[in-house]
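Novice: My structure is in input02.txt, and what it holds is compact mmCIF, N, CA and C atoms:
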```
# COMPACT_ATOMS: atom_id res chain seq x y z
N VAL A 716 111.04 98.66 109.90
CA VAL A 716 110.42 98.48 111.21
C VAL A 716 109.18 99.36 111.31
N GLN A 717 108.11 98.76 111.79
CA GLN A 717 106.88 99.53 112.02
C GLN A 717 106.69 99.70 113.53
N LEU A 718 106.22 100.86 113.88
CA LEU A 718 106.06 101.19 115.29
C LEU A 718 104.61 101.57 115.58
N GLN A 719 104.08 101.00 116.63
CA GLN A 719 102.70 101.27 117.01
C GLN A 719 102.67 101.74 118.45
N ALA A 720 102.38 103.01 118.64
CA ALA A 720 102.32 103.57 119.99
C ALA A 720 100.90 103.56 120.50
N SER A 721 100.77 103.41 121.80
CA SER A 721 99.46 103.41 122.43
C SER A 721 99.61 103.85 123.88
N GLY A 722 98.46 104.06 124.52
CA GLY A 722 98.46 104.36 125.94
C GLY A 722 98.17 105.80 126.31
N GLY A 723 98.08 106.67 125.31
CA GLY A 723 97.77 108.05 125.62
C GLY A 723 96.34 108.20 126.09
N GLY A 724 96.03 109.38 126.62
CA GLY A 724 94.69 109.63 127.09
C GLY A 724 94.63 110.90 127.91
N LEU A 725 93.51 111.05 128.57
CA LEU A 725 93.27 112.22 129.42
C LEU A 725 93.53 111.83 130.87
N VAL A 726 94.32 112.63 131.56
CA VAL A 726 94.65 112.35 132.95
C VAL A 726 94.69 113.67 133.72
N GLN A 727 94.36 113.60 134.97
CA GLN A 727 94.43 114.80 135.80
C GLN A 727 95.87 115.07 136.23
N ALA A 728 96.15 116.31 136.47
CA ALA A 728 97.48 116.69 136.95
C ALA A 728 97.80 115.89 138.21
N GLY A 729 99.04 115.41 138.27
CA GLY A 729 99.46 114.58 139.38
C GLY A 729 99.31 113.10 139.12
N GLY A 730 98.59 112.76 138.07
CA GLY A 730 98.35 111.37 137.75
C GLY A 730 99.48 110.74 136.95
N SER A 731 99.24 109.50 136.53
CA SER A 731 100.25 108.73 135.80
C SER A 731 99.65 108.10 134.56
N LEU A 732 100.51 107.85 133.60
CA LEU A 732 100.15 107.09 132.40
C LEU A 732 101.36 106.27 131.99
N ARG A 733 101.09 105.17 131.31
CA ARG A 733 102.16 104.38 130.72
C ARG A 733 101.92 104.23 129.23
N LEU A 734 102.85 104.72 128.46
CA LEU A 734 102.78 104.57 127.02
C LEU A 734 103.51 103.31 126.60
N SER A 735 103.03 102.72 125.53
CA SER A 735 103.67 101.53 124.96
C SER A 735 103.97 101.78 123.50
N CYS A 736 105.02 101.16 123.02
CA CYS A 736 105.35 101.21 121.59
C CYS A 736 105.83 99.83 121.18
N ALA A 737 105.05 99.19 120.34
CA ALA A 737 105.38 97.86 119.85
C ALA A 737 106.04 97.97 118.49
N ALA A 738 107.15 97.29 118.33
CA ALA A 738 107.88 97.27 117.06
C ALA A 738 107.63 95.96 116.34
N SER A 739 107.60 96.02 115.03
CA SER A 739 107.44 94.82 114.22
C SER A 739 108.17 94.99 112.91
N GLY A 740 108.51 93.84 112.31
CA GLY A 740 109.12 93.89 110.99
C GLY A 740 110.63 93.99 110.98
N GLY A 741 111.25 93.77 112.13
CA GLY A 741 112.71 93.83 112.15
C GLY A 741 113.28 93.21 113.40
N THR A 742 114.58 92.95 113.38
CA THR A 742 115.29 92.45 114.56
C THR A 742 115.89 93.63 115.29
N LEU A 743 115.60 93.75 116.57
CA LEU A 743 115.91 94.98 117.28
C LEU A 743 117.26 95.00 117.98
N SER A 744 118.06 93.96 117.82
CA SER A 744 119.27 93.83 118.63
C SER A 744 120.21 95.03 118.51
N LYS A 745 120.26 95.68 117.36
CA LYS A 745 121.14 96.83 117.19
C LYS A 745 120.37 98.14 117.05
N TYR A 746 119.18 98.13 117.58
CA TYR A 746 118.34 99.32 117.50
C TYR A 746 118.38 100.14 118.78
N HIS A 747 118.11 101.43 118.59
CA HIS A 747 117.76 102.31 119.69
C HIS A 747 116.29 102.66 119.50
N MET A 748 115.58 102.74 120.59
CA MET A 748 114.18 103.15 120.52
C MET A 748 113.90 104.17 121.60
N GLY A 749 112.89 104.96 121.36
CA GLY A 749 112.60 105.96 122.38
C GLY A 749 111.40 106.81 122.06
N TRP A 750 111.33 107.95 122.73
CA TRP A 750 110.17 108.83 122.67
C TRP A 750 110.58 110.28 122.48
N PHE A 751 109.81 110.94 121.63
CA PHE A 751 109.84 112.39 121.52
C PHE A 751 108.41 112.87 121.78
N ARG A 752 108.27 114.14 122.00
CA ARG A 752 106.93 114.69 122.15
C ARG A 752 106.86 116.07 121.51
N GLN A 753 105.64 116.45 121.13
CA GLN A 753 105.44 117.76 120.54
C GLN A 753 104.16 118.36 121.09
N ALA A 754 104.32 119.44 121.79
CA ALA A 754 103.17 120.16 122.35
C ALA A 754 102.65 121.15 121.30
N PRO A 755 101.41 121.54 121.41
CA PRO A 755 100.84 122.49 120.45
C PRO A 755 101.66 123.77 120.36
N GLY A 756 102.03 124.13 119.15
CA GLY A 756 102.77 125.36 118.95
C GLY A 756 104.23 125.30 119.32
N LYS A 757 104.72 124.11 119.66
CA LYS A 757 106.12 123.98 120.07
C LYS A 757 106.86 122.99 119.18
N GLU A 758 108.17 123.03 119.27
CA GLU A 758 108.99 122.11 118.50
C GLU A 758 108.99 120.73 119.15
N ARG A 759 109.34 119.75 118.35
CA ARG A 759 109.46 118.39 118.87
C ARG A 759 110.58 118.34 119.89
N GLU A 760 110.35 117.63 120.96
CA GLU A 760 111.27 117.60 122.10
C GLU A 760 111.64 116.16 122.44
N PHE A 761 112.91 115.93 122.68
CA PHE A 761 113.38 114.60 123.09
C PHE A 761 112.89 114.29 124.50
N VAL A 762 112.46 113.04 124.68
CA VAL A 762 112.02 112.59 126.01
C VAL A 762 113.00 111.57 126.58
N SER A 763 113.14 110.45 125.89
CA SER A 763 113.98 109.38 126.42
C SER A 763 114.25 108.36 125.34
N ALA A 764 115.38 107.64 125.47
CA ALA A 764 115.71 106.60 124.51
C ALA A 764 116.41 105.46 125.23
N ILE A 765 116.35 104.29 124.61
CA ILE A 765 116.93 103.09 125.20
C ILE A 765 117.64 102.28 124.13
N ARG A 766 118.78 101.73 124.49
CA ARG A 766 119.54 100.89 123.57
C ARG A 766 119.11 99.45 123.79
N TRP A 767 118.68 98.82 122.71
CA TRP A 767 118.08 97.50 122.85
C TRP A 767 119.08 96.47 123.35
N SER A 768 120.33 96.56 122.96
CA SER A 768 121.29 95.50 123.25
C SER A 768 121.58 95.36 124.74
N ASP A 769 121.63 96.46 125.47
CA ASP A 769 122.00 96.37 126.88
C ASP A 769 121.08 97.14 127.82
N GLY A 770 120.06 97.79 127.27
CA GLY A 770 119.11 98.51 128.11
C GLY A 770 119.59 99.84 128.63
N ASP A 771 120.73 100.31 128.13
CA ASP A 771 121.21 101.62 128.54
C ASP A 771 120.22 102.69 128.09
N THR A 772 120.09 103.75 128.88
CA THR A 772 119.09 104.77 128.57
C THR A 772 119.69 106.17 128.63
N VAL A 773 119.01 107.07 127.97
CA VAL A 773 119.31 108.49 128.08
C VAL A 773 117.97 109.23 128.13
N SER A 774 117.90 110.24 128.97
CA SER A 774 116.63 110.93 129.13
C SER A 774 116.84 112.43 129.18
N SER A 775 115.77 113.14 128.90
CA SER A 775 115.80 114.58 129.04
C SER A 775 116.06 114.93 130.50
N ASN A 776 116.97 115.85 130.72
CA ASN A 776 117.31 116.23 132.09
C ASN A 776 116.09 116.80 132.83
N SER A 777 115.24 117.49 132.10
CA SER A 777 114.09 118.13 132.74
C SER A 777 113.00 117.14 133.14
N LEU A 778 113.08 115.91 132.60
CA LEU A 778 112.03 114.93 132.87
C LEU A 778 112.50 113.78 133.76
N LYS A 779 113.78 113.76 134.05
CA LYS A 779 114.31 112.69 134.91
C LYS A 779 113.61 112.72 136.26
N GLY A 780 113.35 111.55 136.75
CA GLY A 780 112.68 111.44 138.03
C GLY A 780 111.18 111.30 137.92
N ARG A 781 110.63 111.75 136.77
CA ARG A 781 109.19 111.58 136.58
C ARG A 781 108.89 110.59 135.46
N PHE A 782 109.71 110.55 134.45
CA PHE A 782 109.49 109.66 133.30
C PHE A 782 110.57 108.58 133.30
N THR A 783 110.16 107.36 133.04
CA THR A 783 111.09 106.23 132.99
C THR A 783 110.81 105.39 131.76
N ILE A 784 111.86 105.11 131.01
CA ILE A 784 111.74 104.26 129.83
C ILE A 784 112.19 102.85 130.18
N SER A 785 111.53 101.87 129.60
CA SER A 785 111.91 100.48 129.81
C SER A 785 111.55 99.68 128.55
N LYS A 786 111.96 98.41 128.53
CA LYS A 786 111.66 97.57 127.37
C LYS A 786 111.31 96.17 127.80
N ASP A 787 110.60 95.50 126.92
CA ASP A 787 110.26 94.09 127.11
C ASP A 787 110.79 93.36 125.89
N ASN A 788 111.87 92.61 126.07
CA ASN A 788 112.49 91.94 124.93
C ASN A 788 111.53 90.94 124.27
N ALA A 789 110.77 90.26 125.08
CA ALA A 789 109.89 89.21 124.55
C ALA A 789 108.78 89.78 123.68
N LYS A 790 108.40 91.02 123.96
CA LYS A 790 107.29 91.63 123.23
C LYS A 790 107.75 92.66 122.22
N ASP A 791 109.07 92.89 122.11
CA ASP A 791 109.58 93.93 121.21
C ASP A 791 108.84 95.25 121.45
N THR A 792 108.75 95.58 122.69
CA THR A 792 107.96 96.75 123.10
C THR A 792 108.74 97.59 124.09
N ILE A 793 108.63 98.90 123.93
CA ILE A 793 109.17 99.80 124.94
C ILE A 793 108.01 100.49 125.64
N TYR A 794 108.32 101.00 126.82
CA TYR A 794 107.31 101.67 127.61
C TYR A 794 107.85 103.01 128.10
N LEU A 795 106.94 103.92 128.35
CA LEU A 795 107.30 105.17 129.00
C LEU A 795 106.35 105.36 130.17
N GLN A 796 106.87 105.17 131.34
CA GLN A 796 106.08 105.39 132.54
C GLN A 796 106.19 106.86 132.92
N MET A 797 105.05 107.53 132.98
CA MET A 797 105.02 108.97 133.26
C MET A 797 104.27 109.20 134.56
N ASN A 798 104.95 109.76 135.51
CA ASN A 798 104.36 110.03 136.83
C ASN A 798 104.32 111.53 137.10
N SER A 799 103.51 111.89 138.07
CA SER A 799 103.38 113.30 138.47
C SER A 799 103.18 114.20 137.26
N LEU A 800 102.26 113.81 136.42
CA LEU A 800 102.04 114.55 135.18
C LEU A 800 101.54 115.97 135.45
N GLN A 801 102.00 116.86 134.60
CA GLN A 801 101.66 118.28 134.72
C GLN A 801 101.05 118.74 133.41
N SER A 802 100.38 119.86 133.45
CA SER A 802 99.71 120.36 132.24
C SER A 802 100.70 120.57 131.11
N GLU A 803 101.92 120.93 131.42
CA GLU A 803 102.91 121.15 130.37
C GLU A 803 103.41 119.86 129.73
N ASP A 804 102.99 118.73 130.26
CA ASP A 804 103.31 117.45 129.63
C ASP A 804 102.32 117.11 128.52
N THR A 805 101.28 117.90 128.38
CA THR A 805 100.31 117.68 127.31
C THR A 805 101.00 117.80 125.96
N ALA A 806 100.91 116.75 125.18
CA ALA A 806 101.61 116.71 123.89
C ALA A 806 101.25 115.45 123.14
N LEU A 807 101.65 115.43 121.89
CA LEU A 807 101.59 114.21 121.10
C LEU A 807 102.93 113.51 121.30
N TYR A 808 102.88 112.28 121.75
CA TYR A 808 104.09 111.53 122.06
C TYR A 808 104.36 110.55 120.92
N TYR A 809 105.56 110.64 120.38
CA TYR A 809 105.96 109.81 119.25
C TYR A 809 107.00 108.78 119.70
N CYS A 810 106.83 107.60 119.16
CA CYS A 810 107.82 106.55 119.34
C CYS A 810 108.74 106.56 118.13
N GLU A 811 110.02 106.38 118.34
CA GLU A 811 110.94 106.36 117.21
C GLU A 811 111.97 105.24 117.39
N ALA A 812 112.60 104.89 116.30
CA ALA A 812 113.62 103.84 116.31
C ALA A 812 114.76 104.19 115.37
N ARG A 813 115.92 103.71 115.75
CA ARG A 813 117.13 103.97 114.96
C ARG A 813 117.89 102.66 114.82
N SER A 814 118.19 102.30 113.59
CA SER A 814 119.00 101.13 113.34
C SER A 814 120.47 101.53 113.32
N THR A 815 121.31 100.82 114.05
CA THR A 815 122.74 101.14 114.09
C THR A 815 123.56 99.95 113.59
N ARG A 816 124.85 100.17 113.45
CA ARG A 816 125.70 99.13 112.88
C ARG A 816 126.42 98.29 113.92
N SER A 817 126.31 98.68 115.17
CA SER A 817 126.96 97.88 116.20
C SER A 817 126.13 97.92 117.47
N PHE A 818 126.54 97.13 118.45
CA PHE A 818 125.79 97.04 119.69
C PHE A 818 126.12 98.17 120.67
N ARG A 819 127.14 98.98 120.35
CA ARG A 819 127.59 99.94 121.33
C ARG A 819 127.56 101.38 120.86
N VAL A 820 126.75 101.66 119.87
CA VAL A 820 126.62 103.04 119.41
C VAL A 820 126.00 103.90 120.51
N THR A 821 126.56 105.07 120.67
CA THR A 821 126.09 105.96 121.73
C THR A 821 124.66 106.42 121.47
N LEU A 822 123.87 106.42 122.51
CA LEU A 822 122.50 106.94 122.41
C LEU A 822 122.53 108.44 122.15
N THR A 823 121.53 108.91 121.45
CA THR A 823 121.49 110.33 121.12
C THR A 823 120.11 110.92 121.36
N ARG A 824 120.10 112.23 121.62
CA ARG A 824 118.86 112.96 121.77
C ARG A 824 118.42 113.61 120.45
N GLU A 825 119.21 113.43 119.41
CA GLU A 825 118.99 114.12 118.16
C GLU A 825 117.95 113.41 117.31
N ALA A 826 116.88 114.11 117.01
CA ALA A 826 115.76 113.50 116.29
C ALA A 826 116.14 113.07 114.88
N SER A 827 117.04 113.78 114.25
CA SER A 827 117.32 113.54 112.84
C SER A 827 117.93 112.18 112.56
N VAL A 828 118.51 111.52 113.54
CA VAL A 828 119.16 110.23 113.28
C VAL A 828 118.20 109.06 113.41
N TYR A 829 117.02 109.30 113.88
CA TYR A 829 116.05 108.21 114.03
C TYR A 829 115.32 108.03 112.70
N GLN A 830 115.38 106.81 112.18
CA GLN A 830 114.86 106.58 110.83
C GLN A 830 113.38 106.19 110.81
N TYR A 831 112.90 105.67 111.90
CA TYR A 831 111.55 105.13 111.92
C TYR A 831 110.73 105.85 112.99
N TRP A 832 109.55 106.24 112.58
CA TRP A 832 108.65 106.96 113.47
C TRP A 832 107.27 106.35 113.43
N GLY A 833 106.65 106.26 114.58
CA GLY A 833 105.28 105.81 114.64
C GLY A 833 104.34 106.99 114.70
N ARG A 834 103.08 106.72 114.56
CA ARG A 834 102.09 107.76 114.77
C ARG A 834 102.05 108.10 116.25
N GLY A 835 101.82 109.34 116.55
CA GLY A 835 101.82 109.76 117.93
C GLY A 835 100.62 109.28 118.71
N THR A 836 100.78 109.29 120.00
CA THR A 836 99.67 109.03 120.90
C THR A 836 99.51 110.26 121.79
N LEU A 837 98.28 110.75 121.88
CA LEU A 837 98.05 112.02 122.53
C LEU A 837 97.89 111.87 124.03
N VAL A 838 98.64 112.67 124.75
CA VAL A 838 98.53 112.75 126.20
C VAL A 838 98.01 114.13 126.56
N THR A 839 96.91 114.17 127.28
CA THR A 839 96.32 115.44 127.71
C THR A 839 96.23 115.43 129.23
N VAL A 840 96.84 116.41 129.84
CA VAL A 840 96.84 116.53 131.29
C VAL A 840 95.99 117.73 131.68
N SER A 841 94.95 117.46 132.43
CA SER A 841 94.06 118.54 132.85
C SER A 841 94.46 119.04 134.23
N SER A 842 94.40 120.34 134.37
CA SER A 842 94.82 120.92 135.66
C SER A 842 93.62 121.23 136.55
```
Rewrite the structure of this file - the entire thing - as structure tokens.
Specialist:
Amino acid sequence: VQLQASGGGLVQAGGSLRLSCAASGGTLSKYHMGWFRQAPGKEREFVSAIRWSDGDTVSSNSLKGRFTISKDNAKDTIYLQMNSLQSEDTALYYCEARSTRSFRVTLTREASVYQYWGRGTLVTVSS
């Protein structure tokens, strides 16, 4: 599976952005997809993930209420709607995917289980 993330850019604090990640080269029915981010000088951080089969989601507790993950089955694309952006949200945002063996595998925040990673898209929030 190949992943192509887009939608990053420069935004003022308080603003919004929507990231997209288009998947190709595979059937996503048993996949999990989602987002991690890495700020300068910091470790990679889990943001949110979605299970393709039923749309179930898991998100970082610290980002709930501001970030929302969704998917478009017809386009094999996931989105990350980011609202009320703050300077600490500045980071490189990565799209990732995990192939599983069944439709009901539990979603995880653990980066190591995701087999496919796209190039990041940079989000810069100016204060």
Novice: For the point (113.9, 102.9, 125.3) in file coordinates, what residues are within 8 Å, counting only C-alpha atoms? Give the answer as a PyMOL selection string?
Specialist: chain A and resi 747-750+763-767+770+772+784-786+793-795
Novice: For Ser774 of chain A, please output as a PyMOL selection string all residues within 6.5 Å (counting all atoms listed in the file; exclusion window: fewer than 3 positions along the same chain).
Specialist: chain A and resi 761-764+777-779
Novice: Which one is closest to Gly756 of chain A: A:Tyr829, A:Gly724, A:Ala806, A:Ser841? Count only C-alpha atoms.
Specialist: A:Ala806
Novice: Rounded to one decimal in Å, what is the spacing between atom CA of Arg752 of chain A and atom CA of Glu811 of chain A?
Specialist: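 Distance reported for this atom pair: 10.5 Å.
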Novice: With all atoms listed in the file as the basis for distance, which of A:Gln717, A:Thr783, A:Thr823, A:Gln753 is at the shortest distance from Asn798 of chain A?
Specialist: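 That would be A:Thr783, the residue with the smallest distance to Asn798 of chain A.
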Novice: Which distance in Å separates atom CA of Cys810 of chain A and atom N of Pro755 of chain A, to one decimal?
Specialist: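 Between atom CA of Cys810 of chain A and atom N of Pro755 of chain A the gap works out to 16.4 Å.
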Novice: Could you give me the residues within segment 738-828 of chain A that DSSP places in helix (DSSP H, G or I), as a count of residues only?
Specialist: 9
Novice: Tell me, in Å to one decimal, how far atom CA of Arg834 of chain A is from atom CA of Arg781 of chain A.
Specialist: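 Atom CA of Arg781 of chain A lies at a distance of 23.3 Å from atom CA of Arg834 of chain A.
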Novice: From the list A:Ser735, A:Asn788, A:Gln830, A:Thr836, which residue is nearest Tyr809 of chain A when using all atoms listed in the file?
Specialist: A:Thr836
Novice: Nearest to Leu743 of chain A among A:Ser814, A:Ser842, A:Ser731, A:Gln796, with distances taken over only C-alpha atoms: which residue is it?
Specialist: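 Of A:Ser814, A:Ser842, A:Ser731, A:Gln796, the one nearest Leu743 of chain A, counting only C-alpha atoms, is A:Ser814.
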Novice: Could you go through chain A and tell me which residues DSSP, when run on the backbone, assigns to strand (DSSP E or B), listing them as JSON, numbers by chain?
Specialist: {"A": [717, 718, 719, 720, 721, 724, 725, 726, 727, 732, 733, 734, 735, 736, 737, 738, 739, 746, 747, 748, 749, 750, 751, 752, 753, 760, 761, 762, 763, 764, 765, 766, 772, 773, 774, 782, 783, 784, 785, 786, 787, 792, 793, 794, 795, 796, 797, 806, 807, 808, 809, 810, 811, 812, 813, 814, 831, 832, 836, 837, 838, 839, 840, 841]}
Novice: For Val716 of chain A, list every protein, DNA or RNA residue within 5 Å, evaluated using only N, CA and C atoms, and leave out those in the same chain fewer than 2 positions away; present the list as a ChimeraX atom specification.
Specialist: /A:718,739-741
Novice: With only C-alpha atoms as the atoms that count, which of A:Ser721, A:Asp787, A:Arg819, A:Thr839 lies nearest to Gln801 of chain A?
Specialist: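 Using only C-alpha atoms, the shortest distance to Gln801 of chain A belongs to A:Thr839.
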Novice: Rank nothing, just name the residue among A:Val726, A:Phe818, A:Val840, A:Gly835 nearest to Arg759 of chain A, using only C-alpha atoms.
Specialist: A:Gly835
